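Below is one structure, written out as structure tokens, with a few remarks after it.
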Amino acid sequence: MSFVYPHSEIEAKWQKAWSDKKADVTDIANAKKPFYNLMMFPYPSAEGLHVGNMYAFTGTDIYGRFKRLQGFDVFEPIGLDGFGIHSENYAFKVGKHPVEQAKRSEKNFYRQLSLIGCMYDWSRTVQTYDPGYYRWTQWLFVQMFRHGLAYRAKAEVNWCPSCKTVLADEQVIDGKCERCGNLVEKKALEQWFFRITAYAGKLLENINSLKWSEKVLIAQQNWIGKKEGINITYPVVDEKGTNIGEVVCFTTRPDTNYGATFVVIAPEHPFISILQRVIKKEKVDAIVQYTTQAKKVSPQDRIAQGRKKTGVDTGLLCINQLTGHKMPLYVSDFVVMGVGTGAVVGVPGHDLRDFEFAQSMGLPVLRVVVGSDGNKDPITKPEEVQEEDGVMINSGFLDGVPIKDAIEKMKDYLVQKGWAKRVTTYHLRDWLISRQRYWGPPIPMIHCATCEASGKGERSDTPGWYTVPDAQLPVALPYIEDYKPGDDGIAPLAKHKEFYETPCPGCGAAATRETDVSDTFLDSSWYFLRYPSLGSASENTAPFDPEVTKKWLPVTMYTGGAEHSVLHLMYSRFVTIVLKEWGYLDFEEPFPNFFAHGLVIKEGAKMSKSKGNVVNPDEYIKLYGTDALRLYLMFMGPFSEGGDFRDSGMEGMHRWVNRVWRMATSSLEVGTDTVASDILVKNLHKTIKKVGEDTARRHYNTAIAAMMEFTNCVADNNGTLPLPMLKDFLVILAPFAPYLTEELWERAGGTFSIHKQVWPKYDDKYLTEQSVPVVIQVNGKLRDTVYIDIESASNQEKVEAISLTSEKAQKFLGGEKPRKIIFVPGKLINYVV
RNA sequence: GCCGGGAUGGCGAAAUUGGUAGACGCGCAGGUUUUAGGAACCUGUGCCGCAAGGCUUGGAGGUUCGAUUCCUCUUCCCGGCACCA
């Protein structure tokens with residue numbers, strides 16, 4: 001008799017069988033109850049998977065297998081998000097060409113992914129760097145342009161002067177280059193943007209319809225950052241009172257406007273070019289010097305809180321029409337051009353930053369709000385700045401009004417006077433698509449200087465620009481040797497005439513292709529639409545098949561890391577919303593259900609390459625087997641919370657897998673027609689119920705614990721199970737341990753495959769106990785436990801009678817008559833004395 | 001600073017509706033078996049105490065017959081955002 005589960009040979013056997021029999025290939029066309037179970041696909045920024053990835057995939061797969069046993073036609077695909085900066089950087093690091101490295105990574109990722117026992121449909125995979133895929137990523141860009149949602153604008157990119165390269169935001173850590181540690185600068189370049197802000201309202205509204213982990217919804221809400229405020233216009237005059245122009249300030253707190261003492265504009269504010277024409281030369285020089293200086297400061301330093309406030313007085317004055325006061329106009333870098341209107345009205349008594357600025361410039365501070373402390377004294381220290389709730393004073397018609405009402409009253413007043421406009425602003429910014437990099441889909445646009453000169457173009461708002469005609473897609477990424485990011489933010493492809501020289505689709509003159517590639521997040525913003533349509537008749541003529549999509553989308557259950565709470569999930573939602581608007585889809589939300597899994601921790605830190613604490617699953621699979629590793633990963637804690645990876649725990653799970661193996665094989669050997677004890681039958685039904693409920697809510701750890709309790713119970717009762725009970729047990733274990741259970745199922749005479757069986761039903765009649773423990777408490781403290789038959793346990797008189805016979809209880813009752821008796825039927829009785 | 005999430009034995013954790021705190025596992029201790037190692041199996045294991053008993057879910061209060069669970073304050077840890085006007 002074999003005592004040790006021979007995992008290697010059994011895993012190899014079933015990998016082959018599942019593959020040969022296409023066990024996990026979903027019948028997309030004929031499925032009756034489609035269930036699209038999707039896990040965020042990995043980006044191969046390393047040689048292979050680590051245990052953190054496997055954790056996420058296993059947790060998703062258990063859910064998929066569970067749903068399949070419950071009768072759904074589950075489609076569970078896998079792919080690689082292999083285009084983009086992550087993968088490109090890894091290629092640089094190992095000194096390989098991104099094209100070569102992609103092949104190597106793909107091979108190794110897919111090798112590992114086929115070992116970890118997930119029910120992937122290997123007939124449908126997506127690699128974002130395949131021309132057959134990125135052709136449609138480019139198509140999506142083209143559609144964005146044609147619908148007026150892609151536009152060009154000057155924008156700042158992160159620039160590392162030491163590496164001479166453009167960096168993505170995520171490569172900038174605390175204002176420094178993640179590779180060399182040099183301070184990152186900003187460089188202004190013409191870039192492509194998607195107008196996601198036009199959908200801010202929709203993206204926010206639709207959140208209410210999503211069944212997502214709460215924290216992810218909150219993150220999305222904050223990221224969209226809707227704010228109701230008001231734009232107040234201040235006329236600007238010089239010291240003689242001559243009108244110069246006006247400055248518009250955004251504020252959410254117009255209630256404090258009686259306390260305004262100055263106005264500040266950002267160094268990049270367009271009003272600076274106006275004022276330069278009208279003020280004295282030395283002032284202009286001071287401003288120019290200041291703004292040039294401000295641009296040199298690293299963006300991180302510039303926005304650092306608590307930094308000493310600096311600025312230049314323009315000598316001009318803004319008129320507060322509310323009070324008639326003239327407020328000096330300053331330029332300061334604590335005001336950021338991208339936020340609000342890039343101009344701020346300073347209320348130093350009720351905003352700490354304004355106060356700091358007023359102090360360093362020697363500007364007056366007025367109090368217009370009295371807080372809960374009732375203090376009406378002048379505000380002279382930072383800690384006295386009153387930003388909390390309160391009531392207005394020194395504010396004319398608002399005196400005595402609470403802040404909340406004062407905000408609305410002031411808005412109404414300013415709007416009615418024609419001095420201001422109510423506005424809604426969002427924290428969400430337009431999506432910067434361009435990357436001056438090599439490893440991505442070339443942006444499918446052509447620029448024609450001839451057309452631009454004559455004001456012609458595909459769209460009147462973007463003269464000189466044409467989309468690449470659909471028939472010419474994809475614009476293939478050429479294999480080049482000088483693929484590293486070049487000097488001055490010029491993309492690698494910009495050095496390749498053979499790539500960019502092309503006739504203008506409009507006039508036929510010599511024109512140039514766009515040489516930037518698109519952001520990785522564009523690749524992953526629509527991949528879920530691609531999977532089910534792979535293999536359909538329209539695979540090569542459309543990004544996704546309308547009929548298939550109608551049947552399989554939106555994604556039934558999406559699972560992924562909370563670190564993608566904002567970007568990936570927001571971009572996918574945006575793309576889906578516009579595809580619906582353009583008539584390609586009939587739903588707006590791609591992921592009505594999203595589950596955020598936790599992170600694997602090792603030695604107190606998130607598992608990551610930089611921390612050097614990554615665990616490669618290969619060695620564990622070799623040593624303990626895939627099933628033991630899957631079980632162990634899921635046993636560490638609830639799937640939503642992640643867990644702490646330890647080798648000792650791994651060994652414990654290995655022991656349990658062997659215990660299951662022995663229990664099952666010996667059950668099969670001794671002949672399994674025997675009748676099981678009542679205890680065992682009851683326990684099995686309890687376990688089926690518990691495992692079903694816990695798996696449904698992804699508390700895999702307690703589901704596994706319940707199965708362990710069951711095997712402990714078997715061990716206490718002869719150590720073997722009758723065949724039907726063994727089979728039921730194997731089915732509920734199958735999602736967690738797919739190889740082990742498939743093998744034992746076969747040995748138990750089951751038909752192929754255990755993973756296509758029906759989840760066993762439990763019978764309530766086995767779940768009720770004959771006698772239940774009833775707790776006897778005195779003053780809320782446990783004093784005794786008695787076992788009473790279920791009927792009597794619900795009867796207060798009977799329970800009282802029985803409990804009073806308890807010596808321990810009597811001791812604490814001390815012969816006194818209880819003042820009060822609390823009775824919870826079937827559970828406890830509590831005497832208050 | 002703001003927004004989230006946490007804190008329970010030596011460790012990972014459980015407690016689904018306010019009702020037996022610590023399921024399950026690791027580790028540890030003792031034992032059986034074994035030439036030995038390993039494996040397997042059995043017993044014990046929150047803390048203090050010989051015991052009776054007392055104490056115990058980061059800390060301090062509160063509500064309640066009863067609080068890991070609800071409320072207020074507070075400390076620390078993790079994640080995200082951040083001179084957002």
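Each chain in the structure tokens gets a letter, A, B and so on, in the order shown; residues start at 1 in every chain, and ligands are counted from 1 in the order they appear.
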Neighbouring residues of G61 of chain B were defined as those with any atom within 12 Å, considering only C-alpha atoms (C1' of nucleotides); residues of the same chain fewer than 5 positions away were excluded. Please report them as a list of chain:residue names.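 The filter keeps B:C71, B:U72, B:C73, B:U74.
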Write a file of the selected residues as a PDB file, in the first residue's frame, keeping N, CA and C atoms (P, O5', C5', C4', C3', O3' and C1' of nucleotides).
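Output contents, as saved in out.pdb:
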ATOM      1  P     C B  71     -19.830  51.483  15.752  1.00  0.00           P
ATOM      2  O5'   C B  71     -20.111  52.470  16.971  1.00  0.00           O
ATOM      3  C5'   C B  71     -21.240  53.323  16.975  1.00  0.00           C
ATOM      4  C4'   C B  71     -21.195  54.208  18.204  1.00  0.00           C
ATOM      5  C3'   C B  71     -19.893  54.967  18.389  1.00  0.00           C
ATOM      6  O3'   C B  71     -19.862  56.147  17.612  1.00  0.00           O
ATOM      7  C1'   C B  71     -20.476  53.937  20.427  1.00  0.00           C
ATOM      8  P     U B  72     -18.438  56.698  17.084  1.00  0.00           P
ATOM      9  O5'   U B  72     -17.833  57.356  18.409  1.00  0.00           O
ATOM     10  C5'   U B  72     -18.429  58.506  18.997  1.00  0.00           C
ATOM     11  C4'   U B  72     -17.655  58.902  20.224  1.00  0.00           C
ATOM     12  C3'   U B  72     -16.149  59.032  20.033  1.00  0.00           C
ATOM     13  O3'   U B  72     -15.786  60.268  19.457  1.00  0.00           O
ATOM     14  C1'   U B  72     -16.570  57.794  22.000  1.00  0.00           C
ATOM     15  P     C B  73     -14.507  60.301  18.475  1.00  0.00           P
ATOM     16  O5'   C B  73     -13.295  60.228  19.506  1.00  0.00           O
ATOM     17  C5'   C B  73     -13.051  61.304  20.412  1.00  0.00           C
ATOM     18  C4'   C B  73     -12.109  60.868  21.499  1.00  0.00           C
ATOM     19  C3'   C B  73     -10.721  60.426  21.041  1.00  0.00           C
ATOM     20  O3'   C B  73      -9.873  61.513  20.735  1.00  0.00           O
ATOM     21  C1'   C B  73     -11.531  58.890  22.642  1.00  0.00           C
ATOM     22  P     U B  74      -8.735  61.310  19.600  1.00  0.00           P
ATOM     23  O5'   U B  74      -7.772  60.240  20.270  1.00  0.00           O
ATOM     24  C5'   U B  74      -6.971  60.589  21.404  1.00  0.00           C
ATOM     25  C4'   U B  74      -6.188  59.390  21.880  1.00  0.00           C
ATOM     26  C3'   U B  74      -5.242  58.794  20.850  1.00  0.00           C
ATOM     27  O3'   U B  74      -4.016  59.497  20.781  1.00  0.00           O
ATOM     28  C1'   U B  74      -6.482  57.055  21.878  1.00  0.00           C
TER      29        U B  74
END
Kindly provide, as a count of residues only, the residues of chain B having any atom no farther than 10 Å from an atom of chain A, counting only C-alpha atoms (C1' of nucleotides). 29
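Taking atom CA of Thr559 of chain A and atom CA of Leu203 of chain A as endpoints, the distance between them is 19.8 Å.
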Just want the 8 Å neighbourhood of Tyr438 of chain A, counted on only C-alpha atoms (C1' of nucleotides), with same-chain residues fewer than 6 positions away dropped. Output as an MDAnalysis selection string. chainID A and resid 483:485 491:493 516:517
Record the distance separating atom CA of Val157 of chain A and atom CA of Pro441 of chain A, expressed in Å with one decimal.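 Separating atom CA of Val157 of chain A from atom CA of Pro441 of chain A is a distance of 19.1 Å.
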Quick one: residues within 10 Å of segment 753-761 of chain A, only C-alpha atoms (C1' of nucleotides), excluding same-chain residues fewer than 3 positions away - as an NGL selection string? :A and (18 or 23-24 or 65-73 or 119 or 685 or 688-689 or 692 or 725 or 727-732 or 734-735 or 738-739 or 741-746 or 750 or 764)
Selected residues, N, CA and C atoms, written as a compact mmCIF listing (two decimals), in the first residue's frame, please.
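Writing the result to part.txt gives the following:
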# COMPACT_ATOMS: atom_id res chain seq x y z
N TRP A 18 -6.06 16.11 -19.28
CA TRP A 18 -6.93 17.29 -19.41
C TRP A 18 -6.68 17.99 -20.74
N ALA A 23 -10.38 19.14 -21.69
CA ALA A 23 -11.34 19.17 -20.58
C ALA A 23 -11.75 20.58 -20.19
N ASP A 24 -10.86 21.54 -20.40
CA ASP A 24 -11.16 22.89 -19.94
C ASP A 24 -11.42 23.87 -21.09
N ARG A 65 -13.88 26.69 -10.54
CA ARG A 65 -14.17 25.25 -10.45
C ARG A 65 -15.42 24.99 -9.63
N PHE A 66 -15.57 25.77 -8.56
CA PHE A 66 -16.74 25.66 -7.69
C PHE A 66 -18.01 25.96 -8.50
N LYS A 67 -17.96 27.03 -9.29
CA LYS A 67 -19.12 27.40 -10.10
C LYS A 67 -19.42 26.34 -11.15
N ARG A 68 -18.38 25.72 -11.68
CA ARG A 68 -18.60 24.68 -12.68
C ARG A 68 -19.29 23.48 -12.05
N LEU A 69 -18.88 23.13 -10.82
CA LEU A 69 -19.53 22.02 -10.13
C LEU A 69 -20.98 22.37 -9.80
N GLN A 70 -21.28 23.64 -9.76
CA GLN A 70 -22.65 24.06 -9.50
C GLN A 70 -23.46 24.20 -10.77
N GLY A 71 -22.89 23.73 -11.87
CA GLY A 71 -23.69 23.63 -13.09
C GLY A 71 -23.50 24.76 -14.09
N PHE A 72 -22.57 25.66 -13.85
CA PHE A 72 -22.35 26.74 -14.81
C PHE A 72 -21.34 26.30 -15.88
N ASP A 73 -21.47 26.90 -17.06
CA ASP A 73 -20.47 26.72 -18.10
C ASP A 73 -19.41 27.79 -17.89
N MET A 119 -8.07 25.78 -14.39
CA MET A 119 -8.86 25.27 -15.51
C MET A 119 -8.85 26.25 -16.69
N HIS A 685 -22.36 15.89 6.00
CA HIS A 685 -23.38 16.85 5.55
C HIS A 685 -23.07 18.25 6.04
N ILE A 688 -20.24 19.53 3.85
CA ILE A 688 -20.69 19.95 2.51
C ILE A 688 -21.30 21.34 2.58
N LYS A 689 -22.13 21.56 3.59
CA LYS A 689 -22.78 22.87 3.75
C LYS A 689 -21.74 23.96 3.98
N GLY A 692 -19.41 24.69 1.00
CA GLY A 692 -20.15 25.38 -0.05
C GLY A 692 -20.32 26.86 0.28
N MET A 725 -19.71 8.21 0.24
CA MET A 725 -19.29 9.34 1.07
C MET A 725 -17.92 9.85 0.65
N LYS A 727 -16.76 9.72 -2.29
CA LYS A 727 -16.92 10.47 -3.55
C LYS A 727 -17.45 11.88 -3.30
N ASP A 728 -18.41 12.00 -2.40
CA ASP A 728 -18.91 13.33 -2.06
C ASP A 728 -17.78 14.21 -1.53
N PHE A 729 -16.99 13.61 -0.65
CA PHE A 729 -15.89 14.39 -0.07
C PHE A 729 -14.90 14.83 -1.15
N LEU A 730 -14.60 13.91 -2.07
CA LEU A 730 -13.65 14.26 -3.13
C LEU A 730 -14.17 15.42 -3.97
N VAL A 731 -15.46 15.44 -4.22
CA VAL A 731 -16.01 16.51 -5.07
C VAL A 731 -15.87 17.88 -4.40
N ILE A 732 -16.13 17.94 -3.10
CA ILE A 732 -16.02 19.26 -2.47
C ILE A 732 -14.56 19.69 -2.31
N ALA A 734 -12.37 18.96 -4.66
CA ALA A 734 -11.83 19.06 -6.02
C ALA A 734 -11.40 20.48 -6.44
N PRO A 735 -12.17 21.53 -6.14
CA PRO A 735 -11.72 22.86 -6.58
C PRO A 735 -10.37 23.24 -5.97
N PRO A 738 -7.16 19.88 -7.42
CA PRO A 738 -7.70 19.26 -8.65
C PRO A 738 -7.01 17.96 -9.08
N TYR A 739 -5.72 17.84 -8.84
CA TYR A 739 -5.02 16.63 -9.31
C TYR A 739 -5.34 15.43 -8.42
N THR A 741 -7.72 14.87 -6.38
CA THR A 741 -9.10 14.39 -6.39
C THR A 741 -9.45 13.72 -7.72
N GLU A 742 -8.85 14.20 -8.81
CA GLU A 742 -9.12 13.55 -10.10
C GLU A 742 -8.62 12.11 -10.08
N GLU A 743 -7.44 11.91 -9.53
CA GLU A 743 -6.84 10.58 -9.45
C GLU A 743 -7.68 9.66 -8.56
N LEU A 744 -8.04 10.16 -7.39
CA LEU A 744 -8.80 9.33 -6.46
C LEU A 744 -10.19 9.03 -7.01
N TRP A 745 -10.74 10.01 -7.71
CA TRP A 745 -12.06 9.84 -8.33
C TRP A 745 -12.02 8.68 -9.33
N GLU A 746 -10.95 8.68 -10.11
CA GLU A 746 -10.80 7.60 -11.09
C GLU A 746 -10.68 6.26 -10.39
N GLY A 750 -15.15 6.60 -10.57
CA GLY A 750 -15.95 7.71 -11.10
C GLY A 750 -15.67 7.91 -12.58
N ASP A 764 -30.77 18.71 5.46
CA ASP A 764 -30.94 19.40 6.74
C ASP A 764 -31.18 18.44 7.90
Got a sec: who's within 12 Å of U56 of chain B, counting only C-alpha atoms (C1' of nucleotides), leaving out chain neighbours fewer than 4 positions off, as a PyMOL selection string? chain B and resi 8-9+21-22+46-48+68
Would you export the selected residues with N, CA, C and O atoms (P, O5', C5', C4', C3', O3' and C1' of nucleotides) as a PDB file, in the first residue's frame, please?
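See part-v3.pdb below for the written result:
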ATOM      1  P     U B   8      -3.004  40.703  16.796  1.00  0.00           P
ATOM      2  O5'   U B   8      -4.288  40.237  17.601  1.00  0.00           O
ATOM      3  C5'   U B   8      -4.447  40.625  18.968  1.00  0.00           C
ATOM      4  C4'   U B   8      -5.409  39.692  19.638  1.00  0.00           C
ATOM      5  C3'   U B   8      -4.896  38.265  19.813  1.00  0.00           C
ATOM      6  O3'   U B   8      -4.108  38.160  20.993  1.00  0.00           O
ATOM      7  C1'   U B   8      -7.107  38.224  18.956  1.00  0.00           C
ATOM      8  P     G B   9      -2.569  37.900  20.895  1.00  0.00           P
ATOM      9  O5'   G B   9      -2.576  36.315  20.752  1.00  0.00           O
ATOM     10  C5'   G B   9      -1.371  35.632  20.855  1.00  0.00           C
ATOM     11  C4'   G B   9      -1.345  34.794  22.110  1.00  0.00           C
ATOM     12  C3'   G B   9      -0.107  33.915  22.198  1.00  0.00           C
ATOM     13  O3'   G B   9       0.264  33.795  23.558  1.00  0.00           O
ATOM     14  C1'   G B   9      -2.033  32.559  22.219  1.00  0.00           C
ATOM     15  P     A B  21     -16.900  32.488  26.908  1.00  0.00           P
ATOM     16  O5'   A B  21     -15.965  32.886  25.680  1.00  0.00           O
ATOM     17  C5'   A B  21     -14.864  32.060  25.364  1.00  0.00           C
ATOM     18  C4'   A B  21     -14.575  32.211  23.911  1.00  0.00           C
ATOM     19  C3'   A B  21     -13.401  31.374  23.441  1.00  0.00           C
ATOM     20  O3'   A B  21     -13.855  30.113  23.027  1.00  0.00           O
ATOM     21  C1'   A B  21     -13.098  33.628  22.758  1.00  0.00           C
ATOM     22  P     G B  22     -12.987  28.838  23.141  1.00  0.00           P
ATOM     23  O5'   G B  22     -11.831  29.115  22.113  1.00  0.00           O
ATOM     24  C5'   G B  22     -12.114  29.199  20.703  1.00  0.00           C
ATOM     25  C4'   G B  22     -10.844  29.587  20.007  1.00  0.00           C
ATOM     26  C3'   G B  22      -9.705  28.610  20.253  1.00  0.00           C
ATOM     27  O3'   G B  22      -9.770  27.633  19.226  1.00  0.00           O
ATOM     28  C1'   G B  22      -8.978  30.891  20.502  1.00  0.00           C
ATOM     29  P     G B  46      -4.375  26.012  26.333  1.00  0.00           P
ATOM     30  O5'   G B  46      -3.967  27.525  26.076  1.00  0.00           O
ATOM     31  C5'   G B  46      -3.095  27.884  25.003  1.00  0.00           C
ATOM     32  C4'   G B  46      -2.739  29.349  25.130  1.00  0.00           C
ATOM     33  C3'   G B  46      -2.217  29.730  26.516  1.00  0.00           C
ATOM     34  O3'   G B  46      -0.820  29.579  26.574  1.00  0.00           O
ATOM     35  C1'   G B  46      -3.977  31.192  25.874  1.00  0.00           C
ATOM     36  P     C B  47      -0.173  29.139  27.954  1.00  0.00           P
ATOM     37  O5'   C B  47      -0.311  30.478  28.818  1.00  0.00           O
ATOM     38  C5'   C B  47       0.431  31.656  28.470  1.00  0.00           C
ATOM     39  C4'   C B  47       0.096  32.747  29.449  1.00  0.00           C
ATOM     40  C3'   C B  47       0.252  32.364  30.909  1.00  0.00           C
ATOM     41  O3'   C B  47       1.597  32.479  31.339  1.00  0.00           O
ATOM     42  C1'   C B  47      -1.830  33.422  30.608  1.00  0.00           C
ATOM     43  P     C B  48       2.149  31.447  32.423  1.00  0.00           P
ATOM     44  O5'   C B  48       1.455  31.952  33.772  1.00  0.00           O
ATOM     45  C5'   C B  48       1.778  33.235  34.299  1.00  0.00           C
ATOM     46  C4'   C B  48       0.950  33.505  35.524  1.00  0.00           C
ATOM     47  C3'   C B  48       0.898  32.379  36.554  1.00  0.00           C
ATOM     48  O3'   C B  48       2.063  32.328  37.354  1.00  0.00           O
ATOM     49  C1'   C B  48      -1.273  33.252  36.235  1.00  0.00           C
ATOM     50  P     U B  68     -15.515  40.548  24.358  1.00  0.00           P
ATOM     51  O5'   U B  68     -14.635  40.563  23.035  1.00  0.00           O
ATOM     52  C5'   U B  68     -13.699  41.605  22.810  1.00  0.00           C
ATOM     53  C4'   U B  68     -13.348  41.678  21.359  1.00  0.00           C
ATOM     54  C3'   U B  68     -14.412  42.307  20.478  1.00  0.00           C
ATOM     55  O3'   U B  68     -14.316  43.720  20.523  1.00  0.00           O
ATOM     56  C1'   U B  68     -13.541  40.347  19.458  1.00  0.00           C
TER      57        U B  68
END
Nearest-residue call for Val263 of chain A, choices A:Lys186, A:Lys690, A:Arg111, A:His325, using only C-alpha atoms: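 Ranked by minimum distance to Val263 of chain A, first place goes to A:His325.
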So how many Å separate atom CA of Gln416 of chain A and atom CA of Val368 of chain A, to one decimal? 22.1 Å
All helix (DSSP H, G or I) positions in segment 84-328 of chain A, as a PyMOL selection string: chain A and resi 85-94+98-115+131-146+169-171+196-209+214-224+254-259+271-275+281-296+299-303
Using DSSP on the backbone coordinates, identify all residues within segment 239-362 of chain A classified as strand (DSSP E or B); present the result as number ranges by chain. A: 243-251, 262-265, 312-319, 326-331, 343-346
For Ser8 of chain A, which residue out of A:Thr626, A:Gln810, A:Ser162, A:Ser524 is the nearest one, using only C-alpha atoms?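 Selected residue with least distance to Ser8 of chain A: A:Thr626.
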Might you pull out every residue within 7 Å of Trp431 of chain A, with only C-alpha atoms (C1' of nucleotides) counted and same-chain residues fewer than 2 positions away left off, and present them as an MDAnalysis selection string? chainID A and resid 193:196 429 433
Of the listed residues A:Ile116, A:Val74, A:Met410, A:Leu317, that which approaches Tyr36 of chain A most closely, counting only C-alpha atoms: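 Looking at the shortest contact to Tyr36 of chain A, the residue is A:Val74.
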Just the residues within 8 Å of G18 of chain B, please, counting only C-alpha atoms (C1' of nucleotides), with nothing from its chain fewer than 3 positions along; format it as number ranges by chain. B: 66-67, 69-70
